[in-house]
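Undergrad: What follows is coords21.cif, mmCIF, C-alpha atoms.
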```
data_query
#
loop_
_atom_site.label_atom_id
_atom_site.label_comp_id
_atom_site.auth_asym_id
_atom_site.auth_seq_id
_atom_site.Cartn_x
_atom_site.Cartn_y
_atom_site.Cartn_z
CA MET A 239 0.00 0.00 0.00
CA ASN A 240 1.41 3.39 -0.99
CA THR A 241 1.53 6.30 1.45
CA ASP A 242 -1.54 7.89 -0.15
CA GLY A 243 -3.53 4.65 0.12
CA THR A 244 -3.05 3.64 -3.53
CA HIS A 245 -2.38 -0.04 -4.16
CA PHE A 246 0.09 -0.69 -6.99
CA ARG A 247 0.74 -3.91 -8.90
CA ILE A 248 4.09 -4.40 -10.65
CA LEU A 249 4.83 -7.02 -13.29
CA VAL A 250 8.42 -8.24 -12.94
CA VAL A 251 9.69 -10.04 -16.06
CA ASP A 252 13.03 -11.86 -15.78
CA ASP A 253 14.09 -15.34 -16.89
CA GLN A 254 16.62 -15.63 -14.04
CA GLN A 255 14.98 -16.93 -10.88
CA SER A 256 17.64 -15.36 -8.64
CA ASN A 257 17.01 -11.91 -10.12
CA MET A 258 13.28 -12.40 -9.73
CA GLN A 259 13.60 -13.23 -6.03
CA VAL A 260 15.78 -10.19 -5.33
CA LEU A 261 13.45 -7.81 -7.17
CA ALA A 262 10.28 -9.26 -5.71
CA GLY A 263 11.63 -9.14 -2.15
CA MET A 264 12.83 -5.56 -2.56
CA LEU A 265 9.53 -4.31 -3.98
CA MET A 266 7.28 -6.22 -1.59
CA GLN A 267 9.08 -4.52 1.31
CA GLN A 268 7.84 -1.23 -0.17
CA GLY A 269 4.25 -2.46 -0.11
CA TYR A 270 3.89 -3.26 -3.81
CA GLU A 271 2.04 -6.32 -5.11
CA ILE A 272 4.28 -8.34 -7.42
CA GLU A 273 3.20 -10.33 -10.46
CA PRO A 274 6.13 -12.51 -11.67
CA ALA A 275 6.75 -13.68 -15.24
CA THR A 276 9.75 -15.66 -16.46
CA SER A 277 9.27 -15.17 -20.21
CA GLY A 278 7.96 -12.60 -22.65
CA GLN A 279 4.95 -14.67 -23.64
CA GLN A 280 4.02 -15.33 -20.02
CA ALA A 281 4.22 -11.60 -19.36
CA LEU A 282 1.83 -10.85 -22.23
CA ASP A 283 -0.57 -13.58 -21.07
CA LYS A 284 -0.66 -12.14 -17.55
CA LEU A 285 -1.21 -8.62 -18.88
CA ALA A 286 -4.12 -9.84 -20.99
CA ALA A 287 -5.69 -11.39 -17.89
CA ARG A 288 -5.09 -8.45 -15.58
CA PRO A 289 -3.29 -5.15 -16.34
CA VAL A 290 -0.70 -3.78 -13.92
CA ASP A 291 0.55 -0.33 -12.95
CA LEU A 292 4.19 -0.73 -13.97
CA ILE A 293 6.43 -3.28 -15.72
CA LEU A 294 10.04 -4.08 -14.82
CA LEU A 295 11.32 -5.83 -17.91
CA ASP A 296 14.53 -7.75 -18.51
CA ALA A 297 15.91 -6.79 -21.92
CA LEU A 298 17.71 -10.02 -22.80
CA MET A 299 15.60 -13.16 -22.54
CA PRO A 300 15.48 -16.34 -24.64
CA GLY A 301 12.71 -16.49 -27.22
CA MET A 302 10.84 -13.20 -27.10
CA ASP A 303 13.21 -10.54 -25.77
CA GLY A 304 12.23 -7.46 -23.80
CA PHE A 305 12.23 -5.15 -26.82
CA GLU A 306 9.59 -7.25 -28.58
CA VAL A 307 7.53 -7.53 -25.40
CA CYS A 308 7.58 -3.75 -24.95
CA GLN A 309 6.54 -3.15 -28.56
CA LYS A 310 3.63 -5.58 -28.21
CA VAL A 311 2.51 -3.86 -25.01
CA ARG A 312 2.61 -0.44 -26.68
CA ALA A 313 0.60 -1.77 -29.63
CA GLN A 314 -2.38 -2.62 -27.41
CA PRO A 315 -4.53 0.42 -26.48
CA ALA A 316 -5.56 -1.10 -23.14
CA LEU A 317 -1.90 -1.53 -22.12
CA ALA A 318 -0.18 1.31 -23.94
CA GLU A 319 -0.12 3.69 -20.95
CA ILE A 320 1.63 1.24 -18.59
CA PRO A 321 5.16 2.54 -17.86
CA VAL A 322 7.96 0.07 -18.69
CA ILE A 323 11.39 0.20 -17.03
CA PHE A 324 14.06 -1.93 -18.69
CA LEU A 325 16.59 -3.88 -16.61
CA SER A 326 19.79 -5.10 -18.25
CA ALA A 327 23.48 -5.66 -17.64
CA ALA A 328 24.25 -3.99 -20.97
CA ASP A 329 24.90 -0.27 -20.68
CA GLU A 330 25.91 0.69 -24.23
CA LYS A 331 24.19 3.83 -25.46
CA SER A 332 22.83 2.06 -28.53
CA PHE A 333 21.22 -0.53 -26.28
CA ILE A 334 19.59 2.13 -24.12
CA VAL A 335 18.36 4.03 -27.19
CA ARG A 336 16.84 0.84 -28.57
CA ALA A 337 15.02 0.27 -25.28
CA LEU A 338 13.59 3.80 -25.25
CA GLU A 339 12.60 3.58 -28.91
CA SER A 340 10.68 0.38 -28.22
CA GLY A 341 8.53 2.31 -25.74
CA ALA A 342 10.29 2.17 -22.36
CA VAL A 343 10.17 5.18 -20.04
CA ASP A 344 13.40 4.37 -18.20
CA TYR A 345 16.43 2.06 -18.14
CA VAL A 346 18.32 0.67 -15.13
CA THR A 347 21.56 -1.28 -15.49
CA LYS A 348 22.45 -4.41 -13.54
CA PRO A 349 23.73 -4.84 -10.93
CA PHE A 350 21.32 -2.11 -9.86
CA ASN A 351 21.41 0.05 -6.77
CA GLN A 352 18.38 -0.68 -4.61
CA THR A 353 17.80 2.94 -3.61
CA GLU A 354 18.04 4.11 -7.21
CA LEU A 355 15.68 1.44 -8.50
CA ILE A 356 13.05 2.08 -5.81
CA SER A 357 13.29 5.82 -6.48
CA ARG A 358 12.67 5.35 -10.20
CA VAL A 359 9.80 2.95 -9.56
CA ARG A 360 8.17 5.47 -7.21
CA THR A 361 8.67 8.29 -9.67
CA HIS A 362 7.04 6.50 -12.61
CA LEU A 363 4.18 5.17 -10.49
CA ALA A 364 3.55 8.71 -9.22
CA LEU A 365 3.53 10.01 -12.80
CA LYS A 366 1.10 7.29 -13.88
CA LEU A 367 -1.15 8.05 -10.93
CA ALA A 368 -1.15 11.74 -11.86
CA ARG A 369 -1.95 10.95 -15.51
CA ASP A 370 -4.79 8.64 -14.50
CA ARG A 371 -6.28 11.29 -12.22
CA LEU A 372 -6.02 13.99 -14.87
CA ARG A 373 -7.69 11.69 -17.38
CA ARG A 374 -10.56 11.04 -14.98
CA VAL A 375 -10.95 14.76 -14.33
CA ALA A 376 -11.02 15.42 -18.08
CA GLU A 377 -13.59 12.66 -18.63
CA ASP A 378 -15.79 14.02 -15.84
CA LYS A 379 -15.51 17.52 -17.30
CA ASP A 380 -16.41 16.31 -20.78
CA GLU A 381 -19.38 14.35 -19.44
CA LEU A 382 -20.68 17.35 -17.49
CA LEU A 383 -20.23 19.73 -20.42
CA GLY A 384 -21.90 17.21 -22.72
CA ILE A 385 -24.94 17.01 -20.46
CA LEU A 386 -25.15 20.80 -20.22
CA ALA A 387 -24.71 21.19 -23.96
CA HIS A 388 -27.45 18.67 -24.74
CA ASP A 389 -29.86 20.44 -22.40
CA LEU A 390 -28.91 23.84 -23.82
CA LYS A 391 -29.39 22.57 -27.36
CA ASN A 392 -33.02 21.64 -26.66
CA HIS A 393 -33.83 25.04 -25.12
CA LEU A 394 -31.88 27.01 -27.71
CA GLY A 395 -33.63 25.20 -30.55
CA GLY A 396 -37.00 26.36 -29.22
CA MET A 397 -35.64 29.86 -28.61
CA GLN A 398 -34.29 30.04 -32.15
CA MET A 399 -37.63 28.99 -33.66
CA SER A 400 -39.54 31.53 -31.55
CA ALA A 401 -37.04 34.27 -32.45
CA GLN A 402 -37.46 33.52 -36.16
CA LEU A 403 -41.25 33.70 -35.91
CA LEU A 404 -41.02 36.97 -33.96
CA HIS A 405 -38.66 38.46 -36.53
CA ASP A 406 -40.88 37.39 -39.44
CA ARG A 407 -43.87 39.00 -37.71
CA ALA A 408 -41.91 42.20 -37.11
CA LEU A 409 -41.09 42.40 -40.81
CA GLN A 410 -44.76 41.98 -41.70
CA LEU A 411 -45.71 44.80 -39.33
CA ALA A 412 -42.99 47.03 -40.83
CA ASP A 413 -42.03 48.15 -37.33
CA SER A 414 -38.39 49.19 -37.60
CA ARG A 415 -37.71 49.18 -33.85
CA LEU A 416 -39.32 45.76 -33.34
CA THR A 417 -37.52 44.43 -36.41
CA ARG A 418 -34.17 45.60 -35.06
CA MET A 419 -34.78 44.10 -31.63
CA SER A 420 -36.04 40.78 -32.99
CA ALA A 421 -33.06 40.60 -35.35
CA ASN A 422 -30.70 40.96 -32.37
CA ILE A 423 -32.52 38.17 -30.52
CA LEU A 424 -32.46 35.95 -33.62
CA ASN A 425 -28.77 36.53 -34.28
CA GLY A 426 -27.88 35.84 -30.65
CA SER A 427 -29.89 32.61 -30.52
CA ASN A 428 -28.39 31.52 -33.86
CA GLN A 429 -24.88 32.12 -32.54
CA MET A 430 -25.49 30.15 -29.35
CA PHE A 431 -27.33 27.30 -31.08
CA SER A 432 -24.61 26.96 -33.71
CA PHE A 433 -21.83 26.84 -31.10
CA VAL A 434 -23.62 24.22 -28.99
CA LYS A 435 -24.28 22.03 -32.04
CA GLU A 436 -20.68 22.22 -33.19
CA TYR A 437 -19.37 21.65 -29.66
CA LEU A 438 -21.40 18.44 -29.45
CA ALA A 439 -20.23 17.36 -32.91
CA ASN A 440 -16.64 18.09 -31.94
CA ALA A 441 -16.97 16.11 -28.71
CA ALA A 442 -18.45 13.18 -30.64
CA ALA A 443 -15.61 13.29 -33.17
CA ASP A 444 -13.03 13.30 -30.34
CA ARG A 445 -14.42 10.18 -28.75
CA SER A 446 -13.86 6.70 -30.10
CA PHE A 447 -16.57 6.09 -32.64
CA THR A 448 -17.34 3.29 -35.03
CA LEU A 449 -18.32 4.24 -38.56
CA ASN A 450 -20.77 2.14 -40.51
CA ILE A 451 -19.11 2.22 -43.92
CA GLU A 452 -21.52 1.24 -46.66
CA SER A 453 -22.59 2.22 -50.17
CA VAL A 454 -24.44 5.53 -49.97
CA SER A 455 -25.70 8.03 -52.52
CA LEU A 456 -23.46 11.09 -52.61
CA ALA A 457 -26.05 12.93 -54.71
CA GLY A 458 -28.78 12.08 -52.20
CA ALA A 459 -26.71 13.48 -49.33
CA ALA A 460 -25.90 16.61 -51.35
CA ALA A 461 -29.51 17.22 -52.40
CA ALA A 462 -30.77 16.85 -48.83
CA ALA A 463 -28.13 19.27 -47.51
CA VAL A 464 -28.88 21.84 -50.22
CA GLN A 465 -32.57 21.68 -49.35
CA ARG A 466 -31.77 22.51 -45.73
CA TYR A 467 -30.06 25.75 -46.79
CA VAL A 468 -32.44 26.94 -49.52
CA GLU A 469 -34.22 29.36 -47.20
CA ALA A 470 -30.96 30.81 -45.84
CA ALA A 471 -29.68 31.21 -49.40
CA ASN A 472 -32.91 32.90 -50.51
CA ARG A 473 -32.61 35.46 -47.72
CA LYS A 474 -29.26 36.50 -49.22
CA TYR A 475 -30.52 36.20 -52.83
CA LEU A 476 -28.01 33.41 -53.50
CA THR A 477 -28.44 30.92 -56.31
CA ILE A 478 -27.39 27.33 -55.62
CA LEU A 479 -26.68 25.48 -58.87
CA GLU A 480 -26.66 21.68 -58.63
CA GLU A 481 -24.83 19.77 -61.36
CA TYR A 482 -25.20 16.03 -60.86
CA PRO A 483 -27.70 13.31 -61.83
CA PRO A 484 -30.57 12.74 -59.37
CA GLU A 485 -29.36 9.27 -58.48
CA GLY A 486 -25.67 10.09 -58.65
CA PRO A 487 -22.72 7.77 -58.03
CA LEU A 488 -22.47 5.68 -54.90
CA VAL A 489 -19.55 6.11 -52.51
CA ARG A 490 -18.19 4.16 -49.54
CA ALA A 491 -19.03 6.27 -46.49
CA ASP A 492 -20.89 6.50 -43.22
CA GLN A 493 -24.23 8.17 -43.86
CA GLY A 494 -24.23 10.27 -40.68
CA ALA A 495 -20.62 11.40 -41.07
CA LEU A 496 -21.15 12.19 -44.76
CA ASP A 497 -24.22 14.29 -43.96
CA GLN A 498 -22.21 16.20 -41.34
CA VAL A 499 -19.36 16.95 -43.76
CA ILE A 500 -21.55 18.09 -46.67
CA ASP A 501 -23.80 20.08 -44.37
CA ASN A 502 -20.79 22.00 -43.08
CA LEU A 503 -19.43 22.73 -46.57
CA ILE A 504 -22.76 24.04 -47.87
CA SER A 505 -23.35 26.03 -44.69
CA ASN A 506 -19.96 27.73 -45.07
CA ALA A 507 -20.58 28.55 -48.72
CA VAL A 508 -23.86 30.25 -47.79
CA LYS A 509 -22.33 32.05 -44.81
CA PHE A 510 -19.37 33.52 -46.66
CA SER A 511 -21.07 34.38 -49.96
CA PRO A 512 -22.11 38.02 -50.50
CA PRO A 513 -25.70 38.64 -51.65
CA ASP A 514 -26.68 38.11 -55.30
CA LYS A 515 -23.94 35.53 -55.95
CA SER A 516 -23.95 31.88 -57.03
CA ILE A 517 -22.84 28.63 -55.42
CA TRP A 518 -22.03 25.61 -57.58
CA VAL A 519 -22.47 22.08 -56.21
CA THR A 520 -21.11 19.34 -58.47
CA ILE A 521 -20.29 15.65 -58.24
CA VAL A 522 -17.82 14.02 -60.61
CA THR A 523 -16.06 10.67 -60.94
CA VAL A 524 -12.29 11.11 -61.02
CA GLY A 525 -9.54 8.63 -61.67
CA GLU A 526 -10.24 5.02 -60.86
CA GLY A 527 -12.20 4.31 -57.73
CA TRP A 528 -12.77 7.89 -56.55
CA THR A 529 -15.71 10.32 -56.59
CA GLU A 530 -15.56 14.02 -55.74
CA PHE A 531 -18.11 16.37 -54.26
CA ARG A 532 -17.14 19.97 -55.12
CA ILE A 533 -18.67 23.20 -53.88
CA LYS A 534 -17.55 26.54 -55.32
CA ASP A 535 -18.57 29.97 -54.05
CA GLU A 536 -17.96 33.61 -55.00
CA GLY A 537 -16.98 34.71 -51.53
CA PRO A 538 -13.83 36.53 -50.34
CA GLY A 539 -11.58 33.50 -50.77
CA CYS A 540 -8.62 32.59 -48.58
CA ASP A 541 -5.05 33.76 -48.24
CA ALA A 542 -2.02 31.51 -47.69
CA THR A 543 -2.35 31.67 -43.90
CA ASP A 544 -6.00 30.62 -44.05
CA LEU A 545 -5.17 27.68 -46.33
CA ALA A 546 -2.36 26.53 -44.04
CA HIS A 547 -4.64 26.45 -40.98
CA MET A 548 -7.94 25.70 -42.71
CA PHE A 549 -8.76 22.58 -40.72
CA THR A 550 -7.27 23.58 -37.36
CA ARG A 551 -9.73 23.37 -34.48
CA TYR A 552 -11.13 26.74 -33.27
CA ARG A 553 -9.22 28.53 -36.04
CA ARG A 554 -11.40 31.19 -37.63
CA LEU A 555 -10.63 32.34 -41.14
CA SER A 556 -9.73 35.93 -41.94
CA ALA A 557 -13.00 36.24 -43.89
CA ARG A 558 -16.20 36.78 -41.94
CA PRO A 559 -19.77 35.65 -42.67
CA THR A 560 -21.44 38.27 -44.82
CA ALA A 561 -24.73 38.52 -42.90
CA GLY A 562 -23.56 38.08 -39.32
CA GLU A 563 -24.05 34.30 -39.34
CA PRO A 564 -22.39 32.36 -36.49
CA SER A 565 -18.92 30.91 -37.01
CA THR A 566 -17.20 28.89 -34.27
CA GLY A 567 -14.05 27.68 -36.02
CA LEU A 568 -15.01 24.06 -35.37
CA GLY A 569 -16.95 23.02 -38.46
CA LEU A 570 -14.10 22.42 -40.87
CA SER A 571 -11.96 20.56 -38.33
CA ILE A 572 -14.91 18.23 -37.63
CA ALA A 573 -15.48 17.74 -41.36
CA LYS A 574 -11.81 16.87 -41.88
CA HIS A 575 -11.85 14.42 -38.97
CA TYR A 576 -14.86 12.55 -40.36
CA THR A 577 -13.46 12.58 -43.91
CA ASP A 578 -10.16 11.06 -42.78
CA ALA A 579 -12.05 8.40 -40.82
CA MET A 580 -13.97 7.44 -43.99
CA GLY A 581 -10.76 7.04 -45.98
CA GLY A 582 -11.28 10.19 -48.03
CA THR A 583 -9.65 13.59 -48.41
CA LEU A 584 -10.90 17.14 -47.94
CA SER A 585 -9.09 20.10 -49.47
CA CYS A 586 -9.61 23.73 -50.38
CA GLN A 587 -8.57 25.55 -53.54
CA SER A 588 -8.75 29.32 -53.28
CA VAL A 589 -7.26 32.63 -54.33
CA LEU A 590 -7.88 35.66 -52.13
CA GLY A 591 -10.72 37.71 -53.56
CA GLN A 592 -11.79 35.00 -56.03
CA GLY A 593 -13.93 32.65 -53.97
CA ALA A 594 -13.14 29.15 -52.76
CA THR A 595 -13.70 25.58 -53.92
CA PHE A 596 -13.85 22.75 -51.39
CA VAL A 597 -13.24 19.26 -52.72
CA LEU A 598 -14.43 16.18 -50.84
CA ARG A 599 -12.98 12.99 -52.35
CA LEU A 600 -14.36 9.61 -51.31
CA PRO A 601 -13.83 6.00 -52.44
CA ALA A 602 -16.36 5.01 -55.09
CA ALA A 603 -18.58 2.05 -54.29
CA THR A 604 -17.79 -0.95 -56.48
#
```
Would you mind writing the file out in structure tokens?
TA:
Amino acid sequence: MNTDGTHFRILVVDDQQSNMQVLAGMLMQQGYEIEPATSGQQALDKLAARPVDLILLDALMPGMDGFEVCQKVRAQPALAEIPVIFLSAADEKSFIVRALESGAVDYVTKPFNQTELISRVRTHLALKLARDRLRRVAEDKDELLGILAHDLKNHLGGMQMSAQLLHDRALQLADSRLTRMSANILNGSNQMFSFVKEYLANAAADRSFTLNIESVSLAGAAAAAVQRYVEAANRKYLTILEEYPPEGPLVRADQGALDQVIDNLISNAVKFSPPDKSIWVTIVTVGEGWTEFRIKDEGPGCDATDLAHMFTRYRRLSARPTAGEPSTGLGLSIAKHYTDAMGGTLSCQSVLGQGATFVLRLPAAT
């Protein structure tokens, strides 16, 4: 038992029984629980049955050596955070470098000094304990924010709808003061609702998620997204020109992720286009096995700095929405994350002052 009440388990891997006894006795005196293993395979079997807090690993063993064991541990997500300290009589720099490159956090040479070894064990266990606690704090924070965001989303959705109805009524009454006030309420609710939606989408993209990759209609996803933004485009006198067959080619994608990506691209085109301009939405088959969704606008375009940081989270572009629409700097990073997960690419072609073209490339369904 540690001084703060934490119980630690240490896996000691050494093919020499005498070394094992010395290490086990030394560590048990410090209150640690010891799990012995005399071979690399036995160590991996014991880890699969029950993870530990730290591994003391002999570098040179018959069969599977310590370097291979360490690499296999690092390759498993459930074990990858376990600190590994190598033990070996070899002290050449190349040997130590090889140990660290295989994933070890430290290296102690034999014959080792008991005080030094115990000190390093305590240090790495303390670091692991701190990391584990920080991870739990972060998970608790994310869960709390997620709950708050979900609740806010429901209330803000109703507020946004009411604000839109109020603003439409103010326009009908031709009351300039009421129109101005309702517009402020509508813009504020739009900003808050947009941020909450994108925060939730960003949180979902950060977590482990499983995509359901199947054959889906790219044209169907595009047409549905365009329809969602027809009213917003009409308010800015924008013309959305669709150039693809109704059925369109099929692509390999997750329907929900694809909808999210295309929705973001069309939303941005509407946001950043000045009034009385056009937006072109096209779908083409390119090369062998690839299909592209392209959306071109006549907005302000992007400079070199914008292009370099286009998909960075919370990075807002130098251009601003032309009618005060909300922009959080999250949408494009989420779209890029989902595109990468589907095995596709997302890029932007733009010259400052000459609009922008976003290209979503996805594997064609065979």
Undergrad: Given the PyMOL selection byres ((chain A and resi 289) around 10) and the file above, list the residues it selects as a list in words.
TA: Arg247, Ile248, Leu249, Leu282, Lys284, Leu285, Ala286, Ala287, Arg288, Val290, Asp291, Leu292, Ile293, Ala316, Leu317 and Ile320 of chain A
Undergrad: Between A:Glu526, A:Asp413, A:Glu377, A:Asp492, single out the one closest to Leu449 in chain A, counting all atoms listed in the file.
TA: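 So, comparing all the options, the nearest one is A:Asp492.
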Undergrad: From the set A:Ala594, A:Leu600, A:Met580, A:Val489, which residue has the shortest atom-to-atom contact distance to Asp541 in chain A, counting all atoms listed in the file?
TA: A:Ala594
Undergrad: At a cut-off of 12 Å from (4.4, -1.0, -14.4) in the coordinates of the file, what residues are picked up using only C-alpha atoms, written as a ChimeraX atom specification?
TA: /A:246-251,270-274,281,285,289-295,308,311,317-324,342-344,358-367
Undergrad: Starting from the PyMOL selection byres ((chain A and resi 328) around 12), expand the selection into actual residues of this file and give them as a PyMOL selection string.
TA: chain A and resi 296-298+324-327+329-337+345-350
Undergrad: Tell me, as a list of chain:residue names, which residues lie within 12 Å of Asp514 in chain A, counting all atoms listed in the file; anything in the same chain fewer than 6 positions away does not count.
TA: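 Answer for this query is A:Ala471, A:Asn472, A:Arg473, A:Lys474, A:Tyr475, A:Leu476, A:Thr477, A:Ile478, A:Val508, A:Asp535, A:Glu536, A:Gly537, A:Thr560.
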Undergrad: Go ahead and compute the interatomic distance for CA of Ile517 in chain A and CA of Pro483 in chain A, in Å to one decimal.
TA: 17.3 Å
Undergrad: What is the CA of Ser400 in chain A-CA of Ala412 in chain A distance in Å, reported with one decimal?
TA: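 Spanning CA of Ser400 in chain A to CA of Ala412 in chain A is a straight-line distance of 18.4 Å.
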Undergrad: Rounded to one decimal place, report the CA of Gln309 in chain A-CA of Leu265 in chain A distance in Å.
TA: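 These atoms are spaced 24.8 Å apart.
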Undergrad: Could you tell me which residues the PyMOL selection byres ((chain A and resi 538) around 10) grabs in this file, written as number ranges by chain?
TA: A: 510-512, 535-537, 539-541, 556-560, 588-594
Undergrad: Compare A:Ile356, A:Thr529, A:Leu496, A:Gly581 by their minimum atom-to-atom distance to Gly269 in chain A, counting only C-alpha atoms, and give me the closest one.
TA: A:Ile356
Undergrad: Quick one: of A:Thr520, A:Thr448, A:Ser571, A:Ser432, who's nearest to Glu481 in chain A, counting only C-alpha atoms?
TA: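 Among A:Thr520, A:Thr448, A:Ser571, A:Ser432, it is A:Thr520 that comes nearest to Glu481 in chain A.
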Undergrad: May I have the residues within 8 Å of range 463-470 of chain A as a list of chain:residue names, using all atoms listed in the file and disregarding those fewer than 6 positions away in the same chain?
TA: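 That gives A:Ile478, A:Asp497, A:Ile500, A:Asp501, A:Ile504, A:Ser505, A:Val508.
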Undergrad: At a cut-off of 8 Å, using all atoms listed in the file, what residues contact Gly458 in chain A? Leave out same-chain residues fewer than 6 positions from it and give the result as a list in words.
TA: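 Those residues are Pro484, Glu485 and Gly486 of chain A.
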Undergrad: Could you take the residues named above and write them with C-alpha atoms, as a PDB file, in the coordinates of the input?
TA:
```pdb
ATOM      1  CA  PRO A 484     -30.570  12.740 -59.370  1.00  0.00           C
ATOM      2  CA  GLU A 485     -29.360   9.270 -58.480  1.00  0.00           C
ATOM      3  CA  GLY A 486     -25.670  10.090 -58.650  1.00  0.00           C
TER       4      GLY A 486
END
```
Undergrad: Build an axis-aligned box that encloses every atom of range 412-418 of chain A listed in the file, pad it by 4 Å on each side, and report its centre and edge lengths in Å to one decimal, as AutoDock Vina command-line options.
TA:
```
--center_x -38.6 --center_y 46.8 --center_z -37.1 --size_x 16.8 --size_y 12.8 --size_z 15.5
```
Undergrad: My structure is short of atoms at range 274-287 of chain A; please model N, CA and C atoms there, returning them as a PDB file, keeping the file's coordinate frame.
TA:
```pdb
ATOM      1  N   PRO A 274       4.915 -12.044 -11.000  1.00  0.00           N
ATOM      2  CA  PRO A 274       6.130 -12.510 -11.670  1.00  0.00           C
ATOM      3  C   PRO A 274       5.848 -13.147 -13.025  1.00  0.00           C
ATOM      4  N   ALA A 275       6.808 -13.006 -13.932  1.00  0.00           N
ATOM      5  CA  ALA A 275       6.750 -13.680 -15.240  1.00  0.00           C
ATOM      6  C   ALA A 275       8.185 -14.016 -15.646  1.00  0.00           C
ATOM      7  N   THR A 276       8.394 -15.229 -16.123  1.00  0.00           N
ATOM      8  CA  THR A 276       9.750 -15.660 -16.460  1.00  0.00           C
ATOM      9  C   THR A 276      10.015 -15.696 -17.960  1.00  0.00           C
ATOM     10  N   SER A 277       9.074 -15.245 -18.754  1.00  0.00           N
ATOM     11  CA  SER A 277       9.270 -15.170 -20.210  1.00  0.00           C
ATOM     12  C   SER A 277       8.408 -14.065 -20.779  1.00  0.00           C
ATOM     13  N   GLY A 278       8.736 -13.644 -22.001  1.00  0.00           N
ATOM     14  CA  GLY A 278       7.960 -12.600 -22.650  1.00  0.00           C
ATOM     15  C   GLY A 278       6.527 -12.994 -22.884  1.00  0.00           C
ATOM     16  N   GLN A 279       6.309 -14.221 -23.351  1.00  0.00           N
ATOM     17  CA  GLN A 279       4.950 -14.670 -23.640  1.00  0.00           C
ATOM     18  C   GLN A 279       4.121 -14.768 -22.365  1.00  0.00           C
ATOM     19  N   GLN A 280       4.743 -15.252 -21.287  1.00  0.00           N
ATOM     20  CA  GLN A 280       4.020 -15.330 -20.020  1.00  0.00           C
ATOM     21  C   GLN A 280       3.635 -13.937 -19.536  1.00  0.00           C
ATOM     22  N   ALA A 281       4.523 -12.981 -19.738  1.00  0.00           N
ATOM     23  CA  ALA A 281       4.220 -11.600 -19.360  1.00  0.00           C
ATOM     24  C   ALA A 281       3.007 -11.080 -20.112  1.00  0.00           C
ATOM     25  N   LEU A 282       2.961 -11.330 -21.418  1.00  0.00           N
ATOM     26  CA  LEU A 282       1.830 -10.850 -22.230  1.00  0.00           C
ATOM     27  C   LEU A 282       0.536 -11.550 -21.823  1.00  0.00           C
ATOM     28  N   ASP A 283       0.630 -12.843 -21.502  1.00  0.00           N
ATOM     29  CA  ASP A 283      -0.570 -13.580 -21.070  1.00  0.00           C
ATOM     30  C   ASP A 283      -1.106 -13.008 -19.762  1.00  0.00           C
ATOM     31  N   LYS A 284      -0.221 -12.681 -18.839  1.00  0.00           N
ATOM     32  CA  LYS A 284      -0.660 -12.140 -17.550  1.00  0.00           C
ATOM     33  C   LYS A 284      -1.235 -10.737 -17.717  1.00  0.00           C
ATOM     34  N   LEU A 285      -0.671  -9.957 -18.624  1.00  0.00           N
ATOM     35  CA  LEU A 285      -1.210  -8.620 -18.880  1.00  0.00           C
ATOM     36  C   LEU A 285      -2.603  -8.696 -19.492  1.00  0.00           C
ATOM     37  N   ALA A 286      -2.806  -9.679 -20.365  1.00  0.00           N
ATOM     38  CA  ALA A 286      -4.120  -9.840 -20.990  1.00  0.00           C
ATOM     39  C   ALA A 286      -5.171 -10.215 -19.951  1.00  0.00           C
ATOM     40  N   ALA A 287      -4.754 -10.973 -18.930  1.00  0.00           N
ATOM     41  CA  ALA A 287      -5.690 -11.390 -17.890  1.00  0.00           C
ATOM     42  C   ALA A 287      -5.971 -10.282 -16.895  1.00  0.00           C
TER      43      ALA A 287
END
```
